[in-house]
file start_3.cif (mmCIF, C-alpha atoms and all ligand atoms)
data_target
#
loop_
_atom_site.label_atom_id
_atom_site.label_comp_id
_atom_site.auth_asym_id
_atom_site.auth_seq_id
_atom_site.Cartn_x
_atom_site.Cartn_y
_atom_site.Cartn_z
CA LYS A 1 -110.66 223.34 220.63
CA THR A 2 -108.29 221.60 218.27
CA ARG A 3 -108.25 222.86 214.72
CA VAL A 4 -105.68 221.58 212.24
CA PHE A 5 -104.48 223.67 209.32
CA SER A 6 -101.83 222.90 206.76
CA GLY A 7 -100.90 223.80 203.21
CA ILE A 8 -98.93 222.62 200.21
CA GLN A 9 -97.65 224.65 197.27
CA PRO A 10 -98.89 223.81 193.78
CA SER A 11 -95.43 224.14 192.30
CA GLY A 12 -94.11 221.05 190.60
CA GLY A 13 -95.43 217.59 191.35
CA LEU A 14 -95.77 215.85 194.69
CA THR A 15 -92.89 213.79 196.07
CA LEU A 16 -92.76 210.91 198.51
CA GLY A 17 -91.54 213.54 201.00
CA ASN A 18 -94.75 215.53 200.61
CA TYR A 19 -96.78 212.35 200.93
CA LEU A 20 -95.12 210.95 204.05
CA GLY A 21 -94.30 214.29 205.70
CA ALA A 22 -97.67 215.87 205.02
CA LEU A 23 -100.50 214.28 203.00
CA LYS A 24 -100.58 210.90 204.70
CA ARG A 25 -100.65 212.59 208.10
CA PHE A 26 -103.35 215.02 206.94
CA ALA A 27 -105.64 212.07 206.27
CA VAL A 28 -104.84 210.56 209.67
CA ALA A 29 -105.79 213.76 211.52
CA GLN A 30 -109.05 213.88 209.60
CA ASP A 31 -109.78 210.22 210.31
CA ASN A 32 -109.24 210.90 214.01
CA GLY A 33 -112.28 213.17 213.89
CA ILE A 34 -110.34 216.43 214.31
CA GLU A 35 -111.46 219.55 212.43
CA THR A 36 -109.07 219.78 209.48
CA ILE A 37 -108.50 222.58 206.97
CA TYR A 38 -106.16 221.95 204.04
CA CYS A 39 -105.06 224.59 201.61
CA ILE A 40 -103.42 224.61 198.20
CA VAL A 41 -101.28 227.70 198.60
CA ASP A 42 -101.34 229.20 195.12
CA LEU A 43 -100.43 232.68 196.42
CA HIS A 44 -97.26 231.21 197.91
CA ALA A 45 -96.43 229.50 194.64
CA ILE A 46 -96.19 232.78 192.72
CA THR A 47 -93.39 234.07 194.95
CA VAL A 48 -91.26 232.48 192.23
CA TRP A 49 -92.25 232.57 188.56
CA GLN A 50 -95.10 230.24 187.57
CA ASP A 51 -96.36 229.82 184.06
CA PRO A 52 -100.13 230.53 184.38
CA ALA A 53 -101.35 227.43 182.52
CA THR A 54 -98.94 225.22 184.46
CA LEU A 55 -100.04 226.74 187.77
CA ARG A 56 -103.70 226.11 187.00
CA GLN A 57 -102.91 222.49 186.08
CA ALA A 58 -100.69 221.99 189.15
CA THR A 59 -103.43 223.33 191.43
CA ARG A 60 -105.94 220.78 190.13
CA GLU A 61 -103.36 218.00 190.24
CA LEU A 62 -102.57 218.83 193.84
CA ALA A 63 -106.26 218.82 194.70
CA ALA A 64 -106.45 215.34 193.16
CA GLY A 65 -103.35 214.37 195.15
CA PHE A 66 -104.97 215.41 198.42
CA ILE A 67 -108.12 213.45 197.69
CA ALA A 68 -106.28 210.39 196.38
CA SER A 69 -104.17 210.41 199.57
CA GLY A 70 -107.28 210.13 201.71
CA VAL A 71 -108.30 213.74 202.37
CA ASP A 72 -112.08 213.62 202.08
CA PRO A 73 -113.54 216.97 201.00
CA ALA A 74 -116.71 216.14 202.90
CA ARG A 75 -114.88 215.77 206.21
CA SER A 76 -112.00 218.19 205.67
CA ILE A 77 -112.11 221.64 204.16
CA LEU A 78 -110.02 221.55 200.96
CA PHE A 79 -109.56 224.71 198.91
CA ASN A 80 -107.06 226.94 197.16
CA GLN A 81 -105.76 229.96 199.01
CA SER A 82 -106.46 232.69 196.44
CA GLN A 83 -110.22 232.01 196.63
CA VAL A 84 -110.30 233.18 200.25
CA SER A 85 -109.07 236.77 200.34
CA ALA A 86 -108.70 236.79 204.14
CA HIS A 87 -105.28 235.13 203.71
CA ALA A 88 -103.85 238.00 201.67
CA GLU A 89 -105.55 240.62 203.81
CA LEU A 90 -104.27 239.28 207.10
CA ALA A 91 -100.84 238.84 205.54
CA TRP A 92 -100.74 242.59 204.97
CA VAL A 93 -101.44 243.24 208.63
CA PHE A 94 -98.68 240.77 209.52
CA ASN A 95 -96.31 242.52 207.10
CA CYS A 96 -96.69 245.40 209.53
CA VAL A 97 -96.21 243.22 212.63
CA ALA A 98 -93.22 241.09 211.63
CA ARG A 99 -89.81 242.74 211.68
CA MET A 100 -87.30 242.81 208.82
CA GLY A 101 -84.77 241.23 211.12
CA TRP A 102 -86.99 238.21 211.72
CA LEU A 103 -87.45 237.58 208.03
CA ASN A 104 -83.78 238.16 207.32
CA ARG A 105 -83.06 235.09 209.42
CA MET A 106 -85.27 232.75 207.40
CA THR A 107 -83.05 230.07 205.89
CA GLN A 108 -85.56 229.18 203.18
CA PHE A 109 -85.41 232.71 201.80
CA LYS A 110 -81.62 232.58 201.79
CA ASP A 111 -81.69 229.21 200.00
CA LYS A 112 -84.30 230.17 197.45
CA ALA A 113 -83.03 233.68 196.73
CA GLY A 114 -79.47 232.40 196.46
CA LYS A 115 -76.77 234.90 195.68
CA ASN A 116 -79.09 237.13 193.73
CA ARG A 117 -81.11 238.59 196.58
CA GLU A 118 -81.61 241.91 194.85
CA ASN A 119 -83.56 240.13 192.18
CA ALA A 120 -85.78 237.99 194.45
CA SER A 121 -89.45 238.98 194.60
CA VAL A 122 -90.66 240.93 197.62
CA GLY A 123 -93.25 238.15 197.97
CA LEU A 124 -90.52 235.56 198.47
CA PHE A 125 -89.15 237.62 201.36
CA ALA A 126 -92.57 238.18 202.93
CA TYR A 127 -93.60 234.53 202.32
CA PRO A 128 -93.59 233.51 206.02
CA ASN A 129 -96.00 236.35 206.90
CA LEU A 130 -98.53 234.94 204.45
CA MET A 131 -97.98 231.51 205.94
CA ALA A 132 -98.66 232.90 209.43
CA ALA A 133 -101.83 234.49 208.06
CA ASP A 134 -102.94 231.14 206.55
CA ILE A 135 -102.78 229.55 209.96
CA LEU A 136 -103.95 232.38 212.16
CA THR A 137 -106.95 233.48 210.10
CA TYR A 138 -108.50 230.19 211.23
CA HIS A 139 -107.21 230.40 214.79
CA ALA A 140 -105.70 227.00 213.99
CA THR A 141 -104.05 225.32 216.94
CA HIS A 142 -102.07 222.52 215.26
CA VAL A 143 -100.08 222.55 212.06
CA PRO A 144 -98.73 219.22 210.74
CA VAL A 145 -95.71 219.83 208.52
CA GLY A 146 -92.37 218.35 207.60
CA ASP A 147 -89.25 219.38 209.43
CA ASP A 148 -88.30 222.00 206.80
CA GLN A 149 -91.21 224.23 207.85
CA LYS A 150 -90.18 224.47 211.50
CA GLN A 151 -88.58 227.89 211.25
CA HIS A 152 -91.62 229.32 209.48
CA LEU A 153 -93.89 228.03 212.22
CA GLU A 154 -91.71 229.61 214.87
CA LEU A 155 -92.15 232.88 213.02
CA ALA A 156 -95.93 232.39 213.03
CA ARG A 157 -95.73 231.98 216.79
CA ASP A 158 -93.64 235.14 217.11
CA ILE A 159 -96.14 237.07 215.01
CA ALA A 160 -99.07 235.86 217.12
CA ILE A 161 -97.24 236.81 220.32
CA LYS A 162 -96.21 240.25 219.06
CA PHE A 163 -99.68 241.04 217.74
CA ASN A 164 -101.26 240.06 221.05
CA ASN A 165 -98.69 242.14 222.96
CA ASP A 166 -98.85 245.19 220.69
CA PHE A 167 -102.61 245.43 220.95
CA GLY A 168 -102.98 244.11 224.50
CA VAL A 169 -105.24 241.27 223.46
CA ASN A 170 -105.25 237.52 223.73
CA PHE A 171 -106.54 237.02 220.23
CA PHE A 172 -104.24 234.84 218.15
CA PRO A 173 -103.41 231.39 219.54
CA VAL A 174 -99.76 230.42 219.73
CA VAL A 175 -99.70 227.50 217.31
CA GLU A 176 -98.16 224.11 217.93
CA PRO A 177 -96.07 222.70 215.14
CA VAL A 178 -96.80 219.01 214.71
CA ILE A 179 -93.60 217.51 213.36
CA GLU A 180 -94.08 213.88 214.25
CA GLY A 181 -93.32 210.43 212.97
CA VAL A 182 -90.42 208.81 211.19
CA ALA A 183 -90.83 210.68 207.92
CA THR A 184 -90.67 214.35 208.85
CA ARG A 185 -87.53 214.66 206.76
CA VAL A 186 -87.40 212.25 203.83
CA MET A 187 -83.97 212.53 202.25
CA SER A 188 -82.78 212.45 198.65
CA LEU A 189 -82.19 208.95 197.26
CA ARG A 190 -78.89 210.17 195.82
CA ASP A 191 -77.55 212.02 198.87
CA GLY A 192 -78.54 211.20 202.44
CA GLY A 193 -77.53 214.70 203.52
CA LYS A 194 -80.05 216.46 201.29
CA LYS A 195 -83.82 216.68 201.64
CA MET A 196 -85.93 214.97 198.96
CA SER A 197 -87.29 217.87 196.96
CA LYS A 198 -89.31 218.57 193.85
CA SER A 199 -86.75 221.19 192.88
CA ASP A 200 -83.75 218.82 192.86
CA PRO A 201 -82.42 218.73 189.28
CA SER A 202 -82.02 214.94 189.45
CA ASP A 203 -85.27 213.01 189.05
CA GLN A 204 -83.40 209.97 190.45
CA SER A 205 -83.17 211.78 193.78
CA ARG A 206 -86.90 211.56 194.44
CA ILE A 207 -89.97 209.40 194.04
CA ASN A 208 -92.81 211.37 192.49
CA LEU A 209 -96.32 210.45 193.46
CA THR A 210 -97.04 210.06 189.75
CA ASP A 211 -94.13 207.64 189.07
CA ASP A 212 -95.20 204.27 187.70
CA ALA A 213 -94.22 200.94 189.27
CA ASP A 214 -91.12 200.56 187.10
CA ALA A 215 -89.82 204.02 187.91
CA ILE A 216 -90.40 203.54 191.63
CA SER A 217 -88.60 200.17 191.71
CA GLN A 218 -85.75 201.38 189.57
CA LYS A 219 -85.16 204.47 191.72
CA ILE A 220 -85.15 202.43 194.92
CA ARG A 221 -82.83 199.79 193.43
CA LYS A 222 -80.41 202.53 192.40
CA ALA A 223 -80.70 204.51 195.64
CA ARG A 224 -77.33 205.25 197.18
CA THR A 225 -76.46 203.10 200.22
CA ASP A 226 -73.42 201.83 202.07
CA ALA A 227 -72.32 198.21 201.73
CA ASP A 228 -73.13 197.00 205.27
CA ALA A 229 -76.04 194.87 206.37
CA LEU A 230 -78.93 196.53 208.21
CA PRO A 231 -78.43 196.77 211.98
CA ASP A 232 -80.68 195.00 214.49
CA THR A 233 -81.59 198.16 216.38
CA PRO A 234 -82.22 201.85 215.54
CA GLU A 235 -78.96 202.93 217.25
CA GLY A 236 -77.09 201.03 214.55
CA LEU A 237 -78.34 203.53 211.95
CA GLU A 238 -76.31 206.31 213.59
CA GLY A 239 -74.02 207.88 210.98
CA ARG A 240 -75.64 205.91 208.13
CA ALA A 241 -77.84 208.59 206.60
CA GLU A 242 -78.81 206.68 203.44
CA ALA A 243 -79.60 203.45 205.27
CA ARG A 244 -81.59 205.33 207.86
CA ASN A 245 -83.56 207.12 205.18
CA LEU A 246 -84.63 203.90 203.45
CA VAL A 247 -85.59 202.30 206.74
CA ASN A 248 -87.57 205.40 207.72
CA ILE A 249 -89.39 205.33 204.39
CA TYR A 250 -90.22 201.67 204.87
CA ALA A 251 -91.47 202.28 208.40
CA ALA A 252 -93.63 205.23 207.36
CA LEU A 253 -95.15 203.40 204.39
CA ALA A 254 -95.82 200.26 206.46
CA ASP A 255 -97.07 202.16 209.54
CA LYS A 256 -94.39 200.46 211.62
CA THR A 257 -91.70 201.74 213.95
CA VAL A 258 -88.07 201.69 212.89
CA ALA A 259 -87.43 199.06 215.59
CA GLU A 260 -90.11 196.83 214.10
CA VAL A 261 -88.65 197.16 210.61
CA LEU A 262 -85.17 196.34 211.90
CA ALA A 263 -86.48 193.39 213.90
CA GLU A 264 -87.57 192.01 210.54
CA TYR A 265 -84.67 193.06 208.30
CA GLY A 266 -81.72 193.43 210.70
CA GLY A 267 -78.72 191.45 209.49
CA GLN A 268 -79.93 191.46 205.88
CA GLY A 269 -78.20 193.41 203.14
CA PHE A 270 -79.70 195.96 200.78
CA GLY A 271 -79.91 193.23 198.15
CA ALA A 272 -82.82 191.85 200.17
CA PHE A 273 -84.16 195.06 201.70
CA LYS A 274 -84.40 197.19 198.57
CA PRO A 275 -86.72 194.83 196.66
CA ALA A 276 -88.96 194.58 199.74
CA LEU A 277 -89.05 198.37 200.00
CA ALA A 278 -89.71 198.70 196.28
CA ASP A 279 -92.66 196.29 196.48
CA LEU A 280 -94.08 198.12 199.46
CA ALA A 281 -93.69 201.54 197.81
CA VAL A 282 -95.30 200.31 194.59
CA ALA A 283 -98.19 198.78 196.54
CA LYS A 284 -98.82 201.95 198.53
CA LEU A 285 -98.16 204.61 195.89
CA THR A 286 -99.45 203.35 192.57
CA PRO A 287 -103.11 203.29 193.72
CA ILE A 288 -102.71 206.96 194.62
CA SER A 289 -101.47 207.93 191.20
CA SER A 290 -104.18 205.95 189.41
CA GLU A 291 -106.79 207.62 191.59
CA MET A 292 -105.27 211.01 190.75
CA THR A 293 -105.49 210.24 187.05
CA ARG A 294 -109.10 209.19 187.45
CA LEU A 295 -110.03 212.32 189.42
CA LEU A 296 -108.33 214.58 186.89
CA GLN A 297 -110.66 213.39 184.18
CA ASP A 298 -113.34 215.57 185.77
CA VAL A 299 -111.76 218.98 186.23
CA ALA A 300 -115.15 220.63 186.73
CA GLU A 301 -115.74 218.43 189.75
CA ILE A 302 -112.32 219.31 191.20
CA ASP A 303 -113.04 223.00 190.73
CA ARG A 304 -116.43 222.54 192.36
CA ILE A 305 -114.81 220.87 195.38
CA LEU A 306 -112.28 223.70 195.72
CA GLY A 307 -115.02 226.31 195.42
CA GLU A 308 -117.15 224.64 198.04
CA GLY A 309 -114.14 224.28 200.33
CA ALA A 310 -113.40 227.97 199.84
CA ASP A 311 -116.94 228.89 200.89
CA ARG A 312 -116.58 226.87 204.08
CA ALA A 313 -113.10 228.28 204.75
CA GLU A 314 -114.31 231.83 204.17
CA ALA A 315 -117.07 231.38 206.73
CA ILE A 316 -114.41 230.74 209.38
CA ALA A 317 -111.73 233.15 208.18
CA ARG A 318 -113.77 236.27 207.44
CA PRO A 319 -115.09 236.88 210.99
CA ILE A 320 -111.59 236.43 212.43
CA LEU A 321 -110.21 238.90 209.89
CA GLU A 322 -112.99 241.38 210.73
CA GLN A 323 -112.16 241.11 214.44
CA THR A 324 -108.50 241.66 213.58
CA TYR A 325 -109.31 244.85 211.67
CA ASP A 326 -111.38 246.00 214.62
CA ILE A 327 -108.54 245.35 217.07
CA VAL A 328 -106.12 247.24 214.80
CA GLY A 329 -108.46 250.24 214.64
CA MET A 330 -109.85 250.10 211.12
CA VAL A 331 -113.28 251.69 210.71
CA ARG A 332 -115.71 249.07 209.40
CA SER A 333 -118.91 250.75 208.29
CA ARG A 334 -120.54 248.58 205.63
P1 LIG B 1 -94.21 222.62 200.56
O1 LIG B 1 -95.24 222.82 199.52
O2 LIG B 1 -92.79 222.83 200.21
O3 LIG B 1 -94.33 221.15 201.16
C1 LIG B 1 -95.57 220.64 201.61
C2 LIG B 1 -95.39 219.78 202.84
O4 LIG B 1 -94.52 218.68 202.55
C3 LIG B 1 -93.48 218.64 203.52
N1 LIG B 1 -92.26 218.12 202.89
C4 LIG B 1 -91.53 217.10 203.39
N2 LIG B 1 -91.71 216.33 204.47
C5 LIG B 1 -90.79 215.37 204.71
N3 LIG B 1 -89.72 215.15 203.91
C6 LIG B 1 -89.51 215.90 202.81
N4 LIG B 1 -88.46 215.66 202.01
C7 LIG B 1 -90.44 216.93 202.50
N5 LIG B 1 -90.54 217.85 201.51
C8 LIG B 1 -91.65 218.56 201.76
C9 LIG B 1 -93.31 220.07 203.97
O5 LIG B 1 -92.67 220.16 205.21
C10 LIG B 1 -94.74 220.54 204.01
O6 LIG B 1 -95.36 220.14 205.22
N6 LIG B 1 -94.57 226.82 203.23
C11 LIG B 1 -95.18 225.52 203.02
C12 LIG B 1 -96.62 225.58 202.59
C13 LIG B 1 -97.49 226.38 203.50
C14 LIG B 1 -97.99 225.99 204.77
C15 LIG B 1 -98.82 227.04 205.21
C16 LIG B 1 -97.80 224.86 205.57
C17 LIG B 1 -98.02 227.60 203.23
N7 LIG B 1 -98.83 228.00 204.26
C18 LIG B 1 -99.46 226.99 206.44
C19 LIG B 1 -98.45 224.81 206.81
C20 LIG B 1 -99.27 225.87 207.24
C21 LIG B 1 -94.40 224.82 201.91
O7 LIG B 1 -93.79 225.45 201.09
O8 LIG B 1 -94.56 223.47 201.86
#
call {"tool": "encode", "arguments": {"input": "start_3.cif", "output": "structure tokens"}}
result
Amino acid sequence: KTRVFSGIQPSGGLTLGNYLGALKRFAVAQDNGIETIYCIVDLHAITVWQDPATLRQATRELAAGFIASGVDPARSILFNQSQVSAHAELAWVFNCVARMGWLNRMTQFKDKAGKNRENASVGLFAYPNLMAADILTYHATHVPVGDDQKQHLELARDIAIKFNNDFGVNFFPVVEPVIEGVATRVMSLRDGGKKMSKSDPSDQSRINLTDDADAISQKIRKARTDADALPDTPEGLEGRAEARNLVNIYAALADKTVAEVLAEYGGQGFGAFKPALADLAVAKLTPISSEMTRLLQDVAEIDRILGEGADRAEAIARPILEQTYDIVGMVRSR
């Protein structure tokens, strides 16, 4: 049985990368009638310092972002991680399954810890084990993510395989990463070699889901490009990272293929393409941010939705955690 799980960190605002690489696809999976579980991973967020008031606010904003992007809390389970303790509990078991060597190879840890590894939190190092627990405590089969999460998902597969081998069971499914579509790696608007990221110091490098129409248009107009016209076919984007990125963004926002976009705009320069992209982005994104603002006026309702989602999530996760403890040999007597 197909069960989709995915998560987003409530750290900083949402970018166009999060929307196209994750949120928009989350809504599609749900609309296809698949069982979908979406998690605001607040425990992951605190692997780096979070101001408590800001974290609380970011959690509610992200919940609003999910809903405004089309995730329907009646059809999907939407909740924040810390309200379902099975995640943290299973993560501990996985801390004892995963090997130091595996985690030492994680490029995200190396990037985030930087030169000062001695001073990184232990949580930042163990982060992928918690992510594996998120997925496996639901026996999720499919995990839609952007390209940057690929290595973490491979680790989740390795953990599932090692656990099953160690205990001689066929308990945890080996998950399939779902890294599909034209927008699995939305790049910075300033540098086609860098991923669009909420942590980039330059706000010009990204479109935030909360940007207004002027900001969106201005950022797209100023996006770095080469001077050539757009090619007629996708092969012509080879070696043109910035051009490719803008075409990919257009295709993802318009639900078209890159070939379709180029059939329309091939031969035209960025002077024509950028305004068209800006109009499209404004048309698709500004309704999301106004809906977020509207939803955030009723924080109690957002908290209620997260609480209800947590109850439904718990009902799935707890029995799987209990079975895990049983397999591992923990006495359960109450
Ligand atoms: P996070 O919070 O950094 O990002 C959330 C989702 O957005 C995708 N994404 C992008 N996609 C395309 N282009 C981009 N520029 C871009 N930037 C971000 C990410 O790939 C991700 O899908 N570790 C995860 C959160 C997590 C999780 C999980 C995901 C925790 N547990 C279990 C799946 C399953 C993270 O930090 O994502």
call {"tool": "closest_residue", "arguments": {"input": "start_3.cif", "among": "A:Ala254, A:Ala45, A:Leu78, A:Ala278", "to": "Leu306 (chain A)", "atoms": "only C-alpha atoms"}}
result
A:Leu78
call {"tool": "closest_residue", "arguments": {"input": "start_3.cif", "among": "A:Arg244, A:Arg75, A:Lys150, A:Arg190", "to": "ligand LIG 1 (chain B)", "atoms": "only C-alpha atoms and all ligand atoms"}}
result
A:Lys150
call {"tool": "atom_distance", "arguments": {"input": "start_3.cif", "atom1": "CA of Thr54 (chain A)", "atom2": "CA of Lys198 (chain A)"}}
result
15.0 Å
call {"tool": "residues_near_ligand", "arguments": {"input": "start_3.cif", "ligand": "ligand LIG 1 (chain B)", "cutoff": "8 Å", "atoms": "all atoms listed in the file", "output": "PyMOL selection string"}}
result
chain A and resi 5-11+15-23+39-41+44+127-128+130-132+134-135+143-149+152-153+183-188+195-198
call {"tool": "residues_around", "arguments": {"input": "start_3.cif", "residues": "region 222-235 of chain A", "least_positions_apart": "5", "cutoff": "12 Å", "atoms": "all atoms listed in the file", "output": "ChimeraX atom specification"}}
result
/A:182,187-193,203-207,215-217,240-248,251,257-275,277-278
call {"tool": "atom_distance", "arguments": {"input": "start_3.cif", "atom1": "CA of Phe163 (chain A)", "atom2": "CA of Ile327 (chain A)"}}
result
9.9 Å
call {"tool": "closest_residue", "arguments": {"input": "start_3.cif", "among": "A:Ile77, A:Arg25, A:Asn116, A:Arg334", "to": "Leu253 (chain A)", "atoms": "all atoms listed in the file"}}
result
A:Arg25
call {"tool": "atom_distance", "arguments": {"input": "start_3.cif", "atom1": "CA of Asp111 (chain A)", "atom2": "CA of Pro173 (chain A)"}}
result
29.3 Å
call {"tool": "residues_around", "arguments": {"input": "start_3.cif", "residues": "region 85-88 of chain A", "least_positions_apart": "5", "cutoff": "7 Å", "atoms": "all atoms listed in the file", "output": "PyMOL selection string"}}
result
chain A and resi 130+133-134+137+317-318+321
call {"tool": "residues_around", "arguments": {"input": "start_3.cif", "residues": "region 95-101 of chain A", "least_positions_apart": "2", "cutoff": "8 Å", "atoms": "all atoms listed in the file", "output": "MDAnalysis selection string"}}
result
chainID A and resid 91:93 103:105 126 129 159 162:163
call {"tool": "decode", "arguments": {"input": "start_3.cif", "residues": "region 9-32 of chain A", "atoms": "C-alpha atoms", "output": "PDB file, in the first residue's frame"}}
result
ATOM      1  CA  GLN A   9      11.660  22.488   8.632  1.00  0.00           C
ATOM      2  CA  PRO A  10      10.091  25.530  10.287  1.00  0.00           C
ATOM      3  CA  SER A  11      13.305  27.506  10.066  1.00  0.00           C
ATOM      4  CA  GLY A  12      13.083  30.722   8.115  1.00  0.00           C
ATOM      5  CA  GLY A  13      10.388  31.358   5.542  1.00  0.00           C
ATOM      6  CA  LEU A  14       9.391  29.249   2.567  1.00  0.00           C
ATOM      7  CA  THR A  15      11.100  29.766  -0.791  1.00  0.00           C
ATOM      8  CA  LEU A  16      10.003  29.074  -4.337  1.00  0.00           C
ATOM      9  CA  GLY A  17      12.316  26.044  -4.083  1.00  0.00           C
ATOM     10  CA  ASN A  18      10.307  24.637  -1.178  1.00  0.00           C
ATOM     11  CA  TYR A  19       7.089  25.326  -3.050  1.00  0.00           C
ATOM     12  CA  LEU A  20       8.035  23.755  -6.385  1.00  0.00           C
ATOM     13  CA  GLY A  21      10.286  21.009  -4.992  1.00  0.00           C
ATOM     14  CA  ALA A  22       7.953  19.998  -2.196  1.00  0.00           C
ATOM     15  CA  LEU A  23       4.665  21.739  -1.314  1.00  0.00           C
ATOM     16  CA  LYS A  24       3.138  21.846  -4.780  1.00  0.00           C
ATOM     17  CA  ARG A  25       3.909  18.160  -5.252  1.00  0.00           C
ATOM     18  CA  PHE A  26       2.530  17.326  -1.794  1.00  0.00           C
ATOM     19  CA  ALA A  27      -0.842  18.689  -2.875  1.00  0.00           C
ATOM     20  CA  VAL A  28      -0.712  16.708  -6.118  1.00  0.00           C
ATOM     21  CA  ALA A  29      -0.102  13.410  -4.293  1.00  0.00           C
ATOM     22  CA  GLN A  30      -3.021  14.157  -2.004  1.00  0.00           C
ATOM     23  CA  ASP A  31      -5.269  15.077  -4.917  1.00  0.00           C
ATOM     24  CA  ASN A  32      -4.403  11.759  -6.555  1.00  0.00           C
TER      25      ASN A  32
END
